[in-house]
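Just below is one structure, and these are the notes that go with it.
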Amino acid sequence: MDFPLLTIALLTPLVGALALAFVPKDEHKVIKSLSALFTGIPLLLTIYAYFTYDFAQGGMQFVEEVQWVKDLGITYIMAVDGISLPMLLLTNLIGFSAVFASWNIEKRPKTFFILLLILIAGVMGTFIAQDLFFFFLFYEVVVIPLYIMVIIWGSSKRVTKEYAGMKLTIYLLIGSALLLVGLLAMYLNAYPAGERTFLIESLQQANFSDEFQIFAFFLLLVGFGSLLSMFPFHSWSPDGYAGAPTAVSMIHAGVLKKIGGYGLIRIGILALPVGAKFWAPLIAVLAVANVAYAAMIALSQKDLKYVVGYSSVSHMGFVLIGLAAMNIIGINGAIAYMFAHGVMSALFFALIGHVYEKTHTRYIPDLGGLSHQMPRLAVGFMIAGMAALGLPGLISFVPEFTIFIGAFQEFPIMTVIAITGIIITALYTLRVLANVLFGPRRAELDKYRDLQGPEMVPLILLGAVIIVTGFFPALLMDMVNAGVEPLIGPLLDMLGDTPTIGGGF
Amino acid sequence: MNYSLLSTEMLMAALGIGLLVLTILSPREKGHQGIGYAAVFGMVAILVATSFQYGINETTFREIWIVDDFAVFMKQLFLVSAIFVTLSSLDYVRSLPKYHGEFFVMIIFATLGMMVMASANDLITLFVGMELMTVTFFVLVSFLLGNGRSSEAGIKYLILGATSSAIMLYGMSLLYGLTGTTIIPELVDGLTWSPALAVAVIMILAGFGFKIAAIPFHMWSPDIYEGAPTPITAFLAVASKAAGFAVMIRLFIQGVPVTTGVDWIVIIAGLAAITMIVGNVIAIPQTNIKRMLAYSSIAQAGYLLVGMMAADVAGIKSILFYAMIYVFANIGAFAVAIVVGKHLNSDKISDYAGLGQRQPLLAIVMTVSLLSLAGIPPLAGFVGKLYLFAAIMDQGVLWPAFIGFVMSMISVYYYLNVCLYMWRDDPKDDQPIHVSGAIKLTVVVSMVVTLVLGVYPQPLAEMANIAAKALF
């Protein structure tokens with residue numbers, strides 16, 4: 001067996017968590033440096049994997065396979081392809097940044113960083129496990145650390161942190177309960193007893209009946225949809241982000257949500273294509289509801305975190321409509337957009353975290369002219385804001401554009417409505433930027449200092465990714481396309497004229 | 001007559017009587033902790049002995065006694081829980097007013113009763129074993145002499161337990177009247193559908209429903225769980241329930257299978273659904289940890305009943321698997337409750353505040369145990385539920401899985417509530433909580449097993465599979 005790169009990347013944060021358990025709890029500096037180290041190693045490994053991925057060969061690479069539980073057909077299999085790799089990279093970028101965004105945590109930092117490392121490992125696992133059992137296992141591993149982090153280090157501004165944490169947890173868990181029934185039904189229906197397997201690849205090749213696919217995909221849609229904050233299962237997301245500490249908001253909005261989109265593609269569309277095709281029009285309608293409805297709400301928010309929270313709900317609509325298109329271009333766009341959105345929302349939350357940490361307010365009318373006191377922060381806000389509204393030359397323009405091209409072929413009217421969402425996004429983003437950053441200098445904010453030292457890391461790292469990928473979109477798009485095209489292409493030929501809900505519209 | 005099939009029970013009885021004599025002979029002042037250690041070592045030895053009984057599959061005494069893999073598996077489960085209960089009560093007994101040594105002896109006799117139940121192949125033996133267990137529990141539940149709640153619990157358990165035994169016995173007598181035999185596997189030959197059979201099945205189910213605390217036969221459990229000494233609550237929740245399942249499985253799978261005309265699966269399905277829903281919902285507002293665990297254990301019985309619904313090898317295997325991991329998860333939680341309850345003199349959930357900082361080990365074990373009960377991966381409870389619900393889904397029945405998974409996610413609410421107090425709040429006082437070696441051993445073993453079986457369930461799954469196959 002070759003060098004087990006993925007397993008090492010996965011285990012490093014867990015080893016780190018274990019190591020932290022033995023560090024005295026007053027050694028704050030040591031704890032933080034160790035956390036940075038143990039998130040830095042997987043980041044480097046992932047970057048290495050990203051740039052050595054063999055496009056000519058395609059498919060799953062860096063495969064590690066061990067038979068795990070025989071009577072259930074569970075395999076420990078870690079592998080990445082063009083769909084997983086960007087997600088894995090995203091996880092590690094944000095995980096590493098999140099450590100630095102939490103650099104000033106003074107309350108029980110030991111527990112905090114242990115939980116953060118477990119969280120990062122869990123998210124990483126979902127993207128690289130190619131076995132349904134492990135996928136689900138890692139997915140749920142993240143829920144509990146998340147909850148504990150919200151209730152200890154969260155903030156109770158508009159909703160109490162207990163409320164936020166519990167709402168987040170219950171939504172995700174109820175969604176996952178339905179999801180689990182769907183996954184189990186797939187597992188049981190795919191092969192007769194004795195030959196059953198949780199391998200995602202084998203499930204993709206199983207012959208499910210059309211009725212079953214339609215039924216199972218619906219369960220997956222509700223389960224993954226509530227994770228992706230699909231309308232009408234979105235309401236946990238703004239409240240959850242508002243209550244959560246910075247690092248949790250970053251990881252949650254940045255990568256955790258994307259597990260929903262990733263799961264819908266990897267398991268939903270690839271294993272249940274007929275079901276996906278059937279529900280596609282419904283997804284498109286819900287996607288438009290996401291885009292338009294959440295954007296309208298974001299317009300009227302006065303709390304910074306709520307603005308970004310609703311905007312991230314709204315942006316998930318773009319991902320959904322790209323998926324609903326069910327063609328190579330649309331799905332390419334959806335995956336690339338998940339990456340783009342992850343980077344920019346994480347940057348947003350990191351900077352909001354800094355503002356809140358210093359000024360103890362996120363209320364927009366209380367802020368203003370921050371670019372006088374915090375020029376670096378202002379630069380970061382501008383980068384993230386411009387990326388959010390899809391400015392060409394930044395990371396999200398090309399993915400957004402790709403989504404619309406893909407989706408327009410299938411749902412022209414829906415796509416046009418979704419595109420108007422961009423205008424509303426521009427409206428609220430520019431307004432927030434103007435109100436928070438610009439305007440006359442406010443004397444009462446003079447005592448707050450700018451980002452400095454370790455606090456700069458999220459800004460530099462994520463900002464650089466936004467700009468570089470904006471100028472060289474091929475870095476991202478080629479990788480995604482290498483994953484999507486060989487998998488989705490054959491499906492499309494097979495699907496042909498399968499029925500859709502309501503005959504399509 | 002093959003007396004060797006009774007060897008483990010004879011050893012157990014000898015251990016119990018021997019320790020009882022020792023208790024009487026030795027001076028009272030010392031607190032009799034030594035009796036506890038002796039009980040633990042004795043039971044570990046017997047546990048080892050039982051592992052040589054796999055693969056025997058024989059009956060003796062004109063078929064009234066059977067040692068098959070199923071019985072052996074269940075006996076091991078009882079012994080494991082008895083060992084852990086004894087370990088975690090080593091310190092606890094010192095707070096009892098008197099009769100410390102007898103406490104451990106009683107635990108041994110209750111376990112003996114359960115072991116007889118597991119090996120009973122006829123209705124009379126089954127009943128004798130069950131009474132041995134139940135009568136011992138009457139004593140154990142009211143062991144906190146001078147404590148009103150404990151005595152109340154004992155009386156309640158006595159009256160309700162006797163009533164349920166009477167109902168079950170009446171059902172059994174009907175079965176005997178219909179078939180002319182009490183040997184369980186022979187019942188099936190003489191049975192045809194008749195209203196009397198339906199009455200018999202319902203009565204027996206009611207009796208078992210009481211033992212496993214399924215709704216609507218659960219009324220006794222919260223009060224008794226709250227009033228009883230905490231180690232005994234753990235023992236009741238874990239072993240007594242598993243013993244109820246053991247005899248229920250044997251009687252209904254081998255003696256009164258659905259083919260005899262009474263479709264008891266419908267009744268079980270109804271019980272399972274209502275138990276999962278109501279048990280979890282009532283657990284939400286509880287403020288006392290023992291009452292919360294009582295309702296949670298009611299809900300757990302509902303999940304186990306789902307495996308009974310499947311009524312095939314996969315279903316029984318899933319029950320056995322789940323029952324075993326349920327032992328470890330529950331023992332972990334109760335062991336923490338024992339220490340905290342003894343130290344703070346309170347079982348209120350709000351008094352768990354700051355346990356995460358005061359005694360991280362206990363808080364971690366409590367969290368892991370509760371989340372395993374809730375069925376959150378990567379803990380063993382998740383795999384257990386996977387087996388349970390996969391068995392019934394495999395027969396094309398989906399609704400139990402929907403109810404089960406959704407209710408178990410709702411159960412996360414009240415389990416996390418405990419975690420909320422333990423991790424969020426600061427401790428009310430900084431006095432360290434003393435944790436004895438025996439408790440440390442108990443909680444660490446239970447946590448490690450829960451974690452390991454969650455990611456690598458293979459060994460236990462294979463054992464459960466062998467045990468389940470013995471019945472078919």
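How things are named: the first chain in the structure tokens is A, the next is B, and so on; residues count from 1 in each chain; ligands count from 1 in the order shown.
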Subject >> Test item: residues at most 12 Å from Gly263 (chain A), only C-alpha atoms, excluding those fewer than 4 positions along its chain, as number ranges by chain >> reply: A: 83-84, 87, 126-132, 135-136, 139, 176, 179, 183, 200, 217, 220-228, 256-259, 267-272, 323, 335
**OP:** Compile the contact shell of Ala407 (chain A) as a PyMOL selection string: residues with an atom at most 12 Å away, counting only C-alpha atoms, same-chain residues fewer than 6 positions apart removed.
**Re:** chain A and resi 280-281+283-284+287-288+317-334+400-401+413-419
**OP:** Do a neighbour search on Ala214 (chain B) at 8 Å with only C-alpha atoms, toss out local chain neighbours closer than 5 positions, and write the hits as a list in words.
**Re:** Gly209, Leu271, Ala272, Thr275, Ile298, Ala299, Ala301 and Gly302 of chain B
**OP:** Could you give me, as a PyMOL selection string, the residues within 7 Å of region 236-249 of chain B, counting only C-alpha atoms and dropping anything in the same chain fewer than 3 positions from it?
**Re:** chain B and resi 74+78+81+114+117-118+208+211-212+232-233+252-253+297+323+327
Writer output for current selection, all heavy atoms, as a compact mmCIF listing (two decimals), in the first residue's frame:
```txt
# COMPACT_ATOMS: atom_id res chain seq x y z
N MET B 74 -27.13 -14.78 26.92
CA MET B 74 -27.89 -13.99 27.88
C MET B 74 -27.26 -14.07 29.27
O MET B 74 -27.18 -13.08 29.99
CB MET B 74 -29.35 -14.47 27.96
CG MET B 74 -30.20 -14.19 26.73
SD MET B 74 -30.09 -12.53 26.03
CE MET B 74 -30.83 -11.54 27.27
N PHE B 78 -26.09 -11.06 31.75
CA PHE B 78 -26.48 -10.83 33.15
C PHE B 78 -25.25 -10.73 34.05
O PHE B 78 -25.18 -9.88 34.92
CB PHE B 78 -27.37 -11.97 33.66
CG PHE B 78 -28.60 -12.20 32.82
CD1 PHE B 78 -29.07 -13.48 32.61
CD2 PHE B 78 -29.25 -11.14 32.23
CE1 PHE B 78 -30.19 -13.68 31.82
CE2 PHE B 78 -30.37 -11.35 31.44
CZ PHE B 78 -30.84 -12.63 31.23
N SER B 81 -23.42 -7.45 33.64
CA SER B 81 -24.05 -6.32 34.32
C SER B 81 -23.97 -6.49 35.83
O SER B 81 -23.78 -5.50 36.54
CB SER B 81 -25.49 -6.11 33.85
OG SER B 81 -26.11 -7.30 33.54
N MET B 114 -32.02 -14.76 37.00
CA MET B 114 -31.99 -14.43 35.57
C MET B 114 -31.38 -15.56 34.77
O MET B 114 -31.84 -15.89 33.68
CB MET B 114 -31.18 -13.16 35.36
CG MET B 114 -31.78 -11.93 35.98
SD MET B 114 -30.58 -10.61 35.92
CE MET B 114 -31.28 -9.50 37.10
N MET B 117 -33.81 -18.18 34.23
CA MET B 117 -34.75 -17.78 33.19
C MET B 117 -34.18 -18.03 31.81
O MET B 117 -34.88 -18.50 30.90
CB MET B 117 -35.07 -16.29 33.32
CG MET B 117 -35.98 -15.94 34.48
SD MET B 117 -35.90 -14.19 34.85
CE MET B 117 -36.98 -13.52 33.62
N ALA B 118 -32.91 -17.69 31.63
CA ALA B 118 -32.31 -17.82 30.30
C ALA B 118 -32.28 -19.27 29.86
O ALA B 118 -32.40 -19.57 28.67
CB ALA B 118 -30.91 -17.23 30.29
N PHE B 208 -44.88 -9.97 30.53
CA PHE B 208 -43.55 -9.59 30.03
C PHE B 208 -43.44 -8.08 29.88
O PHE B 208 -42.38 -7.49 30.14
CB PHE B 208 -43.27 -10.26 28.69
CG PHE B 208 -42.99 -11.73 28.81
CD1 PHE B 208 -43.47 -12.63 27.88
CD2 PHE B 208 -42.22 -12.21 29.85
CE1 PHE B 208 -43.20 -13.98 27.98
CE2 PHE B 208 -41.94 -13.56 29.97
CZ PHE B 208 -42.44 -14.45 29.04
N LYS B 211 -42.26 -6.64 32.96
CA LYS B 211 -40.84 -6.86 33.24
C LYS B 211 -39.94 -5.95 32.41
O LYS B 211 -38.93 -5.46 32.88
CB LYS B 211 -40.47 -8.31 32.96
CG LYS B 211 -40.98 -9.29 34.00
CD LYS B 211 -40.10 -9.27 35.24
CE LYS B 211 -40.72 -10.08 36.34
NZ LYS B 211 -41.93 -9.49 36.94
N ILE B 212 -40.31 -5.76 31.14
CA ILE B 212 -39.43 -4.94 30.30
C ILE B 212 -39.86 -3.48 30.34
O ILE B 212 -39.26 -2.64 29.66
CB ILE B 212 -39.43 -5.44 28.84
CG1 ILE B 212 -40.82 -5.33 28.23
CG2 ILE B 212 -38.94 -6.86 28.76
CD1 ILE B 212 -40.83 -5.70 26.78
N ILE B 232 -29.03 -0.48 42.27
CA ILE B 232 -30.13 -1.40 41.99
C ILE B 232 -30.98 -0.89 40.85
O ILE B 232 -31.47 -1.65 40.01
CB ILE B 232 -30.97 -1.60 43.27
CG1 ILE B 232 -30.10 -2.22 44.36
CG2 ILE B 232 -32.17 -2.48 43.00
CD1 ILE B 232 -29.33 -3.44 43.90
N THR B 233 -31.13 0.43 40.78
CA THR B 233 -31.83 1.00 39.63
C THR B 233 -31.13 0.59 38.34
O THR B 233 -31.77 0.19 37.37
CB THR B 233 -31.86 2.53 39.74
OG1 THR B 233 -32.32 2.88 41.03
CG2 THR B 233 -32.76 3.13 38.71
N PHE B 252 -41.96 -16.86 22.69
CA PHE B 252 -42.75 -16.47 21.53
C PHE B 252 -42.16 -16.98 20.22
O PHE B 252 -42.91 -17.24 19.28
CB PHE B 252 -42.94 -14.95 21.49
CG PHE B 252 -44.05 -14.51 22.39
CD1 PHE B 252 -43.80 -14.16 23.69
CD2 PHE B 252 -45.35 -14.51 21.93
CE1 PHE B 252 -44.83 -13.78 24.52
CE2 PHE B 252 -46.38 -14.14 22.76
CZ PHE B 252 -46.13 -13.77 24.07
N ILE B 253 -40.86 -17.11 20.14
CA ILE B 253 -40.29 -17.60 18.88
C ILE B 253 -40.45 -19.11 18.78
O ILE B 253 -40.81 -19.65 17.75
CB ILE B 253 -38.79 -17.22 18.78
CG1 ILE B 253 -38.62 -15.71 18.78
CG2 ILE B 253 -38.15 -17.84 17.55
CD1 ILE B 253 -39.07 -15.01 17.55
N SER B 297 -35.06 4.39 29.63
CA SER B 297 -34.97 2.94 29.49
C SER B 297 -36.30 2.36 29.02
O SER B 297 -36.33 1.32 28.38
CB SER B 297 -34.51 2.31 30.79
OG SER B 297 -35.61 2.00 31.59
N ALA B 323 -29.05 -5.25 23.33
CA ALA B 323 -29.16 -5.43 24.77
C ALA B 323 -27.77 -5.35 25.41
O ALA B 323 -27.59 -4.77 26.48
CB ALA B 323 -29.82 -6.76 25.09
N VAL B 327 -26.35 -2.44 27.99
CA VAL B 327 -25.78 -2.70 29.31
C VAL B 327 -24.62 -1.73 29.56
O VAL B 327 -24.59 -1.02 30.57
CB VAL B 327 -25.27 -4.15 29.42
CG1 VAL B 327 -24.42 -4.31 30.67
CG2 VAL B 327 -26.43 -5.12 29.44
```
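Among the candidate residues A:Arg362, A:Gly369, A:Leu430, A:His28, the one lying nearest to Ala387 (chain A) is A:Leu430, with distances computed using only C-alpha atoms.
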Original post:
What residues in region 271-463 of chain B get the DSSP label alpha helix (DSSP H)? Please answer as number ranges by chain.
Top reply: B: 271-283, 289-310, 313-344, 355-358, 360-374, 380-393, 399-424, 437-455, 458-463
Give one line per residue of chain A that approaches chain B to at most 8 Å, naming the two atoms of the closest pair and their distance in Å to one decimal, counting only C-alpha atoms; sort by chain then ascending residue number and deliver it as a Markdown table.
```
| residue | atom | partner | partner_atom | distance |
| --- | --- | --- | --- | --- |
| A:Trp68 | CA | B:Tyr456 | CA | 7.3 |
| A:Val69 | CA | B:Gln458 | CA | 5.5 |
| A:Lys70 | CA | B:Gln458 | CA | 7.2 |
| A:Asp71 | CA | B:Gln458 | CA | 7.6 |
| A:Phe136 | CA | B:Pro377 | CA | 7.9 |
| A:Leu137 | CA | B:Pro377 | CA | 5.1 |
| A:Phe138 | CA | B:Pro378 | CA | 7.5 |
| A:Glu140 | CA | B:Pro377 | CA | 6.0 |
| A:Val141 | CA | B:Pro377 | CA | 6.2 |
| A:Ile148 | CA | B:Trp423 | CA | 7.2 |
| A:Ile151 | CA | B:Arg424 | CA | 6.2 |
| A:Ile152 | CA | B:Arg424 | CA | 4.9 |
| A:Met166 | CA | B:Tyr413 | CA | 7.5 |
| A:Ile170 | CA | B:Met409 | CA | 7.1 |
| A:Leu173 | CA | B:Met409 | CA | 5.6 |
| A:Ile174 | CA | B:Val406 | CA | 5.8 |
| A:Ala177 | CA | B:Phe405 | CA | 5.1 |
| A:Leu178 | CA | B:Phe402 | CA | 6.8 |
| A:Leu180 | CA | B:Phe405 | CA | 7.8 |
| A:Val181 | CA | B:Ala401 | CA | 6.5 |
| A:Leu184 | CA | B:Ala390 | CA | 6.8 |
| A:Ala185 | CA | B:Met393 | CA | 7.1 |
| A:Leu188 | CA | B:Asp394 | CA | 6.3 |
```
Go ahead and write the selection's residues with N, CA, C and O atoms as a short mmCIF file (atom, residue, chain, number, x, y, z; two decimals), in the first residue's frame.
```
data_model
loop_
_atom_site.label_atom_id
_atom_site.label_comp_id
_atom_site.auth_asym_id
_atom_site.auth_seq_id
_atom_site.Cartn_x
_atom_site.Cartn_y
_atom_site.Cartn_z
N TRP A 68 -13.96 -3.86 6.77
CA TRP A 68 -14.15 -3.46 8.16
C TRP A 68 -15.10 -4.41 8.88
O TRP A 68 -14.68 -5.19 9.72
N VAL A 69 -16.37 -4.36 8.55
CA VAL A 69 -17.33 -5.26 9.21
C VAL A 69 -17.94 -6.13 8.13
O VAL A 69 -18.60 -5.63 7.22
N LYS A 70 -17.72 -7.43 8.24
CA LYS A 70 -18.09 -8.30 7.14
C LYS A 70 -19.61 -8.48 7.03
O LYS A 70 -20.17 -8.37 5.95
N ASP A 71 -20.25 -8.75 8.17
CA ASP A 71 -21.67 -9.11 8.03
C ASP A 71 -22.54 -7.94 7.62
O ASP A 71 -23.65 -8.13 7.18
N PHE A 136 -21.84 8.50 6.99
CA PHE A 136 -22.84 8.90 7.97
C PHE A 136 -22.24 9.07 9.36
O PHE A 136 -22.58 9.99 10.10
N LEU A 137 -21.31 8.17 9.67
CA LEU A 137 -20.66 8.22 10.97
C LEU A 137 -19.93 9.55 11.17
O LEU A 137 -20.12 10.23 12.17
N PHE A 138 -19.15 9.93 10.18
CA PHE A 138 -18.41 11.19 10.31
C PHE A 138 -19.36 12.38 10.35
O PHE A 138 -19.15 13.35 11.06
N GLU A 140 -22.27 12.57 11.61
CA GLU A 140 -22.88 12.80 12.91
C GLU A 140 -21.87 13.07 14.01
O GLU A 140 -22.22 13.62 15.04
N VAL A 141 -20.61 12.70 13.75
CA VAL A 141 -19.58 13.01 14.73
C VAL A 141 -19.52 14.51 14.98
O VAL A 141 -19.25 14.96 16.08
N ILE A 148 -21.85 21.51 21.82
CA ILE A 148 -21.17 21.91 23.05
C ILE A 148 -20.46 23.25 22.84
O ILE A 148 -20.47 24.12 23.72
N ILE A 151 -23.00 26.11 23.06
CA ILE A 151 -23.52 26.46 24.38
C ILE A 151 -22.46 27.01 25.32
O ILE A 151 -22.78 27.75 26.23
N ILE A 152 -21.20 26.68 25.11
CA ILE A 152 -20.19 27.25 26.02
C ILE A 152 -19.69 28.61 25.51
O ILE A 152 -19.63 29.56 26.27
N MET A 166 -29.54 24.29 20.44
CA MET A 166 -30.49 23.18 20.40
C MET A 166 -31.24 23.16 19.08
O MET A 166 -31.49 22.11 18.51
N ILE A 170 -31.18 19.91 16.76
CA ILE A 170 -32.40 19.14 16.50
C ILE A 170 -32.73 19.14 15.01
O ILE A 170 -33.06 18.10 14.43
N LEU A 173 -30.36 16.77 13.35
CA LEU A 173 -30.56 15.37 13.71
C LEU A 173 -31.85 14.81 13.15
O LEU A 173 -31.89 13.67 12.69
N ILE A 174 -32.92 15.59 13.16
CA ILE A 174 -34.17 15.08 12.59
C ILE A 174 -33.97 14.87 11.09
O ILE A 174 -34.41 13.86 10.52
N ALA A 177 -32.19 11.77 10.67
CA ALA A 177 -32.98 10.57 10.93
C ALA A 177 -33.69 10.12 9.65
O ALA A 177 -33.68 8.94 9.29
N LEU A 178 -34.31 11.08 8.95
CA LEU A 178 -34.97 10.73 7.69
C LEU A 178 -33.94 10.24 6.67
O LEU A 178 -34.16 9.27 5.94
N LEU A 180 -31.19 8.80 7.28
CA LEU A 180 -30.73 7.46 7.64
C LEU A 180 -31.70 6.40 7.15
O LEU A 180 -31.29 5.35 6.65
N VAL A 181 -33.01 6.68 7.28
CA VAL A 181 -33.98 5.72 6.76
C VAL A 181 -33.77 5.54 5.25
O VAL A 181 -33.75 4.42 4.74
N LEU A 184 -30.55 3.57 4.62
CA LEU A 184 -30.72 2.16 4.98
C LEU A 184 -31.58 1.45 3.94
O LEU A 184 -31.30 0.31 3.56
N ALA A 185 -32.63 2.13 3.48
CA ALA A 185 -33.49 1.52 2.47
C ALA A 185 -32.69 1.24 1.21
O ALA A 185 -32.84 0.19 0.57
N LEU A 188 -30.52 -1.79 1.79
CA LEU A 188 -31.24 -3.06 1.83
C LEU A 188 -31.80 -3.43 0.46
O LEU A 188 -31.96 -4.61 0.15
#
```
Original post:
If you count only C-alpha atoms, which residues fall within 10 Å of Phe104 (chain B), apart from same-chain ones fewer than 5 positions away, as an MDAnalysis selection string?
Top reply: chainID B and resid 16 19:20 23 32:33 35:40 82 85:87 89:90 93 99 109:110 140
Selection to disk with N, CA and C atoms, as an mmCIF file, in the first residue's frame:
```cif
data_model
loop_
_atom_site.group_PDB
_atom_site.id
_atom_site.type_symbol
_atom_site.label_atom_id
_atom_site.label_comp_id
_atom_site.auth_asym_id
_atom_site.auth_seq_id
_atom_site.Cartn_x
_atom_site.Cartn_y
_atom_site.Cartn_z
ATOM 1 N N GLY B 16 -23.237 -17.544 46.158
ATOM 2 C CA GLY B 16 -24.180 -16.760 46.940
ATOM 3 C C GLY B 16 -24.266 -17.251 48.366
ATOM 4 N N LEU B 19 -20.971 -16.718 50.354
ATOM 5 C CA LEU B 19 -20.766 -15.337 50.777
ATOM 6 C C LEU B 19 -21.746 -14.956 51.879
ATOM 7 N N LEU B 20 -22.938 -15.525 51.821
ATOM 8 C CA LEU B 20 -23.921 -15.233 52.859
ATOM 9 C C LEU B 20 -23.410 -15.739 54.218
ATOM 10 N N THR B 23 -20.692 -13.539 55.391
ATOM 11 C CA THR B 23 -21.232 -12.282 55.906
ATOM 12 C C THR B 23 -21.698 -12.430 57.340
ATOM 13 N N HIS B 32 -17.837 -4.868 55.386
ATOM 14 C CA HIS B 32 -18.074 -5.944 54.419
ATOM 15 C C HIS B 32 -17.765 -5.602 52.976
ATOM 16 N N GLN B 33 -16.785 -4.720 52.781
ATOM 17 C CA GLN B 33 -16.415 -4.450 51.395
ATOM 18 C C GLN B 33 -15.789 -5.668 50.751
ATOM 19 N N ILE B 35 -16.648 -8.671 50.979
ATOM 20 C CA ILE B 35 -17.678 -9.524 50.370
ATOM 21 C C ILE B 35 -17.927 -9.077 48.930
ATOM 22 N N GLY B 36 -17.938 -7.749 48.740
ATOM 23 C CA GLY B 36 -18.159 -7.222 47.394
ATOM 24 C C GLY B 36 -17.070 -7.664 46.436
ATOM 25 N N TYR B 37 -15.808 -7.526 46.907
ATOM 26 C CA TYR B 37 -14.705 -7.946 46.030
ATOM 27 C C TYR B 37 -14.803 -9.427 45.728
ATOM 28 N N ALA B 38 -15.110 -10.226 46.758
ATOM 29 C CA ALA B 38 -15.226 -11.665 46.542
ATOM 30 C C ALA B 38 -16.323 -11.953 45.522
ATOM 31 N N ALA B 39 -17.431 -11.218 45.643
ATOM 32 C CA ALA B 39 -18.527 -11.425 44.697
ATOM 33 C C ALA B 39 -18.064 -11.128 43.275
ATOM 34 N N VAL B 40 -17.309 -10.012 43.114
ATOM 35 C CA VAL B 40 -16.835 -9.649 41.773
ATOM 36 C C VAL B 40 -15.944 -10.748 41.213
ATOM 37 N N ALA B 82 -24.088 -7.712 36.334
ATOM 38 C CA ALA B 82 -23.982 -7.906 37.782
ATOM 39 C C ALA B 82 -22.594 -7.516 38.278
ATOM 40 N N VAL B 85 -22.398 -3.752 38.286
ATOM 41 C CA VAL B 85 -23.233 -3.180 39.342
ATOM 42 C C VAL B 85 -22.544 -3.364 40.690
ATOM 43 N N THR B 86 -21.968 -4.555 40.913
ATOM 44 C CA THR B 86 -21.279 -4.797 42.177
ATOM 45 C C THR B 86 -20.087 -3.862 42.322
ATOM 46 N N LEU B 87 -19.314 -3.737 41.244
ATOM 47 C CA LEU B 87 -18.149 -2.848 41.296
ATOM 48 C C LEU B 87 -18.561 -1.431 41.656
ATOM 49 N N SER B 89 -21.103 -0.502 43.272
ATOM 50 C CA SER B 89 -21.721 -0.285 44.585
ATOM 51 C C SER B 89 -20.763 -0.540 45.740
ATOM 52 N N LEU B 90 -19.497 -0.836 45.441
ATOM 53 C CA LEU B 90 -18.543 -1.107 46.530
ATOM 54 C C LEU B 90 -18.477 0.050 47.514
ATOM 55 N N VAL B 93 -22.338 1.022 49.191
ATOM 56 C CA VAL B 93 -22.958 0.314 50.312
ATOM 57 C C VAL B 93 -22.620 0.937 51.650
ATOM 58 N N TYR B 99 -26.547 -4.190 56.862
ATOM 59 C CA TYR B 99 -26.627 -5.318 55.927
ATOM 60 C C TYR B 99 -25.819 -5.076 54.657
ATOM 61 N N PHE B 109 -28.032 -13.528 43.964
ATOM 62 C CA PHE B 109 -29.221 -14.379 43.813
ATOM 63 C C PHE B 109 -30.145 -13.851 42.715
ATOM 64 N N ALA B 110 -30.233 -12.550 42.585
ATOM 65 C CA ALA B 110 -31.040 -12.007 41.489
ATOM 66 C C ALA B 110 -30.465 -12.466 40.152
ATOM 67 N N LEU B 140 -34.067 -5.792 47.365
ATOM 68 C CA LEU B 140 -33.013 -4.853 46.982
ATOM 69 C C LEU B 140 -33.554 -3.439 46.807
#
```
Original post:
How many Å lie between CA of Ala434 (chain A) and CA of Met382 (chain A), rounded to one decimal?
Top reply: 9.8 Å
Original post:
Using only C-alpha atoms, which of A:Met316, A:Leu351, A:Ala49, A:Leu459 sits nearest Pro4 (chain A)?
Top reply: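 For Pro4 (chain A), the nearest of the given residues is A:Ala49.
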**OP:** Write out as a PyMOL selection string each polymer residue whose atoms come within 12 Å of Arg94 (chain B), counting only C-alpha atoms; drop sequence neighbours fewer than 2 positions from it.
**Re:** chain B and resi 28-33+36+88-92+96-101+103+144+342
Subject >> Residues flagged strand (DSSP E or B) by DSSP in region 35-274 of chain A, as number ranges by chain >> reply: A: 61-69, 74-80, 129, 131, 199
**OP:** Just give me the gap between CA of Gly165 (chain A) and CA of Ile118 (chain A) in Å, one decimal is fine.
**Re:**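 Atom-to-atom, CA of Gly165 (chain A) and CA of Ile118 (chain A) are spaced 17.5 Å apart.
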Subject >> Minimum-distance residue to Ala384 (chain A), chosen among A:Ile41, A:Ile466, A:Val355, A:Ile422 (using only C-alpha atoms) >> reply: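 Checking each of A:Ile41, A:Ile466, A:Val355, A:Ile422 against Ala384 (chain A), counting only C-alpha atoms, the winner is A:Ile466.
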**OP:** Quick one: everything within 9 Å of Leu90 (chain A), counting only C-alpha atoms, minus sequence neighbours fewer than 5 positions away in the same chain. Send it as a PyMOL selection string.
**Re:** chain A and resi 85+95+254-255+339-340+342-343
Generate the output file for the selected residues, C-alpha atoms, as a short mmCIF file (atom, residue, chain, number, x, y, z; two decimals), in the first residue's frame.
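And here is the file that came out, part_19.cif:
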```
data_model
loop_
_atom_site.label_atom_id
_atom_site.label_comp_id
_atom_site.auth_asym_id
_atom_site.auth_seq_id
_atom_site.Cartn_x
_atom_site.Cartn_y
_atom_site.Cartn_z
CA LEU A 85 -10.86 17.12 -3.43
CA GLY A 95 -10.15 24.58 9.62
CA GLY A 254 -18.09 27.21 5.12
CA VAL A 255 -18.04 23.44 4.92
CA PHE A 339 -16.16 25.89 -2.73
CA ALA A 340 -16.37 29.57 -3.54
CA GLY A 342 -17.31 28.33 1.61
CA VAL A 343 -14.22 30.47 1.33
#
```
